[in-house]
Each structure stands twice: as C-alpha cells, then as structure tokens.
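Visitor: First the structure, then my questions, so here it is.
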Amino acid sequence: MSVTQQQVLDALAKVASPRGVALTNAGVLSPVTVTDGKVFFSINVDATEARAWESVRAQAEAAVRAIPGVTVAMIALTAERKPGPAAPPPHRHAHGVSPVSAHKPPQSPASPMSKQSEIPGVAAVIAVASGKGGVGKSTTALNLALGLRDLGLRVGLLDADIYGPSVPRLTGIREKPQLNDDRKMIPIMRFGLAIMSIGFLVEEDTAMIWRGPMVMSAITQMLRDVAWGALDVLVVDMPPGTGDAQLTLAQNVPLKGAVIVSTPQDLSLIDARRGLAMFKKVNVPVLGIVENMSYFQCPHCGTQSDIFGHGGARHEAERLGVPFLGEIPLHMSIRTTSDSGTPVVESEPNGAHAAIYRAIGAKVRDQLKGAIAAA
C-alpha cells in the first residue's frame, strides 16, 4: 500500500501541541517527505520549549508509524534558540555577594557523554572516519569489516554516511530491510556481515536535505532501531568531516575507537588531523591511521608510482603518537570489485589486497580484545 503525504498530515492533525493546537496548525512542521513507506520530517520549536515538545514528537512518531504501509518514521525535534533579552544582573549585597551565590554553588551542565548507552548484544562499536571526502573511506570500512570477519569475529556494518551512502553500491544490496515483531529493522546479511544503510531506505538518486537535528535523529535510529543481534564489532562508516554525525555517535554510544583514513598528500593529512583531534576531544581512542591510495603499482611492469606522495600518513601517525595500521595501494582490482558490489576481500580472498585488509583488521582486533572479551 502506497503511503501519501496527505495521510501523514491527517494523522498529525490528531496530535495536539503543548498549547492544545493541532500539530498541522502549530506552524512547526518542516515539509514532509514520503518515499516508499519511509516518512521524514522535523518539528521546529524554540529551545526554551524543547522539553515540553519531546512528548509531542513521540506522539507524532507513533501516529505516523500506525499508518498502514509506513515502514520507517524519522522525526526530529529541532530546538532553535531565539535571541531573547539578557538576564538582569543579580542583586548584590554590600559585600559584593548575591544571596543566591552565597548559599548555592554553581551547577555545571550535564556532560553530553552522560547520554551514552551500550547497544544490546554489541561488544564494540568503532568508527571509520576521514577529515574529507574522496579518500576511499567507505571502501576501507567495508573491507576492514570483512577482514575482521575473516579473523573469526561476528561483524556488523552501519553506513552512517547519510549525505552520500555508498554501502548499497559497494555490496550490491538492492532490497529493503524488513521489520521484526518489535518494529525494529532487520539488518541485511551479505558476505557474513549484518549490514544497514540509510541508502537502503531511499532511492540512490534521491536528494536528501539534512538539517543538523535530522542528522542526529537519523543516526540515533540507525543505531537503536535496528535488531543487530550478537556482534563482536559494529563498524560504522561515518560521513566525512567533523560535524553533527560524529558528535552524535560519540555522545550516543561509548565508542571503543576510531580508525582515520587518509591519503598521503598534505591536504588530506591536514583534514585527518582535524578528525583525530575531534575524537580525542570527545575521549574516543584513536585505533590508528590507514594510508589509502598509498601508491600505484603498474599491473604490467610492476613499477611503483607515488601519485599522491607516499608515507605521509605513517609519518603523521608517528608524530601524533597513534598506531599506523597499514598502506593500501591504488589498484584497479580494488576499484572494479567495489563498483561491482563484490569487495576485494570477498572476491579475491587469497590476493595481496585482501591480506593487507586482514592485517589492518588484526591490528584493530588486538586493540579491541579487552572489550570483546568483557562482553
């Protein structure tokens, strides 16, 4: 059954705002997007009223999920602070101390990391990140996950690159995830991996315009509303950069570490430093740096050419005191197997490139042993 935008609006009209006005008449709804049973929109309110609106957001989500044919509902509460009058200065006694401050110590705000909670059944969550796009991060994340699988671990892969999800193309997955009895999405099994991607929920050529709160809501749902089962490692392919997606992940789950992907050239290394600094700032261990497209080896004569330079990531890792995980060459077989949906670790398991990814996976596994054993 095809779900229409009007059906969604009719359902939302039955939800009341904190002031008793129908949600559709409250002037807070973003445009509603409906694609193949997937519904996306946000509720935009003043930051001072956000707490009162959270229950409304939950009611709206329940109303949309109840529409026959709706498979996914992503509804974000956008709290945008409006400028207001400055607070008056506190009344001061003759000794220069206000009566409030004299008896009540200042309260520090709760740490964003206090919202972290484990994903049931998942021993370790790691992020694969890059400071900029175009460095082969998604290909590295997928083949790293397969390398960990080959080492005997139970592995999942979450494609959290909501701006440009690549995993559907890299894995050749075209089907949509189903829901279990608890209304959680069931990850799609491929190559022995439990895989979920925002790209499974929207068409490949659909332009998704994501505001910051929508990013946060989508990633939270991809983490929490998926029946991951029992996993030793969940590899998360992050969007490039250092923005809302990375902070949401770090604040949502206690990450066991991050892998930074860079090319050898100076521009990529500058951005990689930013990514590394961000993870350190939110107390996420950096498992190491991977130098992708490290060199080109001619398939005919065997000559090695350093197209983007060579060794820059290794030197950067040494300078920053983090592990260097390995070099991955720029090679035709890695590109062609990725484009065809048959990643090189799966399609050429005995080849030299698969061995490189497994060696990187072994270094990551060794750093996660404590977390996996504890789980």
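By convention here, the chains of the structure tokens are called A, B, ... in the order presented, each chain's residues are numbered starting at 1, and ligands are numbered starting at 1 in the order presented.
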Residues at most 8 Å from stretch 13-18 of chain A, counting only C-alpha atoms, excluding those fewer than 5 positions away in the same chain, as JSON, numbers by chain?

Guide: {"A": [23, 24, 25, 26, 52, 53, 56, 59, 60, 63]}

Visitor: Dump C-alpha atoms for the selected residues as a PDB file, in the first residue's frame?

Guide:
```pdb
ATOM      1  CA  LEU A  23       0.219  19.857  15.137  1.00  0.00           C
ATOM      2  CA  THR A  24      -0.543  20.693  11.500  1.00  0.00           C
ATOM      3  CA  ASN A  25      -1.785  24.162  12.572  1.00  0.00           C
ATOM      4  CA  ALA A  26       1.015  24.939  15.016  1.00  0.00           C
ATOM      5  CA  ALA A  52       7.535  20.211  26.527  1.00  0.00           C
ATOM      6  CA  TRP A  53       7.616  19.209  22.861  1.00  0.00           C
ATOM      7  CA  VAL A  56       4.592  15.587  21.172  1.00  0.00           C
ATOM      8  CA  GLN A  59       3.142  11.007  19.802  1.00  0.00           C
ATOM      9  CA  ALA A  60       3.683  12.193  16.230  1.00  0.00           C
ATOM     10  CA  ALA A  63       0.778   8.283  14.867  1.00  0.00           C
TER      11      ALA A  63
END
```

Visitor: Residues within 10 Å of A:Thr71, please, as a PyMOL selection string. Count only C-alpha atoms; anything in the same chain fewer than 2 positions from it doesn't count.

Guide: chain A and resi 3+36-39+64-69+73+176-179+183-185+201

Visitor: Can you list, as a short mmCIF file (atom, residue, chain, number, x, y, z; two decimals) with C-alpha atoms, in the first residue's frame, every protein, DNA or RNA residue that comes within 12 Å of A:Ala145 when you count only C-alpha atoms, leaving out same-chain residues fewer than 6 positions away?

Guide:
```cif
data_model
loop_
_atom_site.label_atom_id
_atom_site.label_comp_id
_atom_site.auth_asym_id
_atom_site.auth_seq_id
_atom_site.Cartn_x
_atom_site.Cartn_y
_atom_site.Cartn_z
CA VAL A 125 31.44 -0.07 18.21
CA ILE A 126 34.20 1.54 16.13
CA ALA A 127 34.04 4.45 13.71
CA VAL A 128 35.83 4.64 10.37
CA SER A 138 33.67 3.54 2.66
CA THR A 139 35.69 1.00 0.66
CA LEU A 151 39.61 -13.30 11.79
CA GLY A 152 36.63 -15.12 13.28
CA LEU A 153 34.65 -12.17 14.65
CA ARG A 154 30.92 -11.55 14.32
CA VAL A 155 30.77 -8.22 12.50
CA GLY A 156 28.15 -5.66 11.52
CA LEU A 157 28.50 -2.64 9.23
CA LEU A 158 26.47 0.54 9.66
CA ASP A 159 26.63 3.02 6.78
CA VAL A 167 27.45 0.76 1.02
CA ARG A 190 25.63 -10.17 2.97
CA PHE A 191 29.14 -11.68 2.94
CA GLY A 192 28.59 -12.84 6.52
CA LEU A 193 28.06 -9.26 7.71
CA ALA A 194 24.97 -7.68 9.27
CA ILE A 195 24.59 -4.54 7.15
CA LEU A 231 28.10 -8.86 17.36
CA ASP A 232 31.72 -8.66 18.42
CA VAL A 233 32.29 -5.48 16.40
CA LEU A 234 29.99 -2.96 14.73
CA VAL A 235 31.95 -0.95 12.14
CA VAL A 236 30.37 2.47 11.47
CA ASP A 237 31.20 4.18 8.17
CA VAL A 259 40.08 4.48 12.52
CA PRO A 343 34.52 -6.17 -2.37
CA VAL A 344 38.07 -7.37 -2.88
CA VAL A 345 38.39 -9.23 0.44
CA GLU A 346 35.34 -11.29 -0.55
CA ALA A 354 42.78 -9.00 0.98
CA TYR A 357 42.96 -5.51 4.89
CA ARG A 358 43.16 -8.58 7.14
CA ALA A 359 46.47 -7.33 8.57
CA ILE A 360 44.85 -3.97 9.35
CA GLY A 361 41.91 -5.85 10.87
CA ALA A 362 44.27 -7.86 13.08
CA VAL A 364 42.31 -3.29 15.21
CA ARG A 365 41.17 -6.60 16.75
#
```

Visitor: DSSP on the backbone, then: every residue of stretch 130-265 of chain A marked alpha helix (DSSP H), written as a PyMOL selection string.

Guide: chain A and resi 137-150+167-171+212-224+244-252

Visitor: Find the residues around A:Val284 up to 9 Å (only C-alpha atoms counted), leave out those fewer than 3 positions away in its own chain, and share them as a list of chain:residue names.

Guide: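 Contacts, in chain order: A:Ala250, A:Pro254, A:Leu255, A:Lys256, A:Gly257, A:Ala258, A:Met278, A:Phe279, A:Lys280, A:Lys281.
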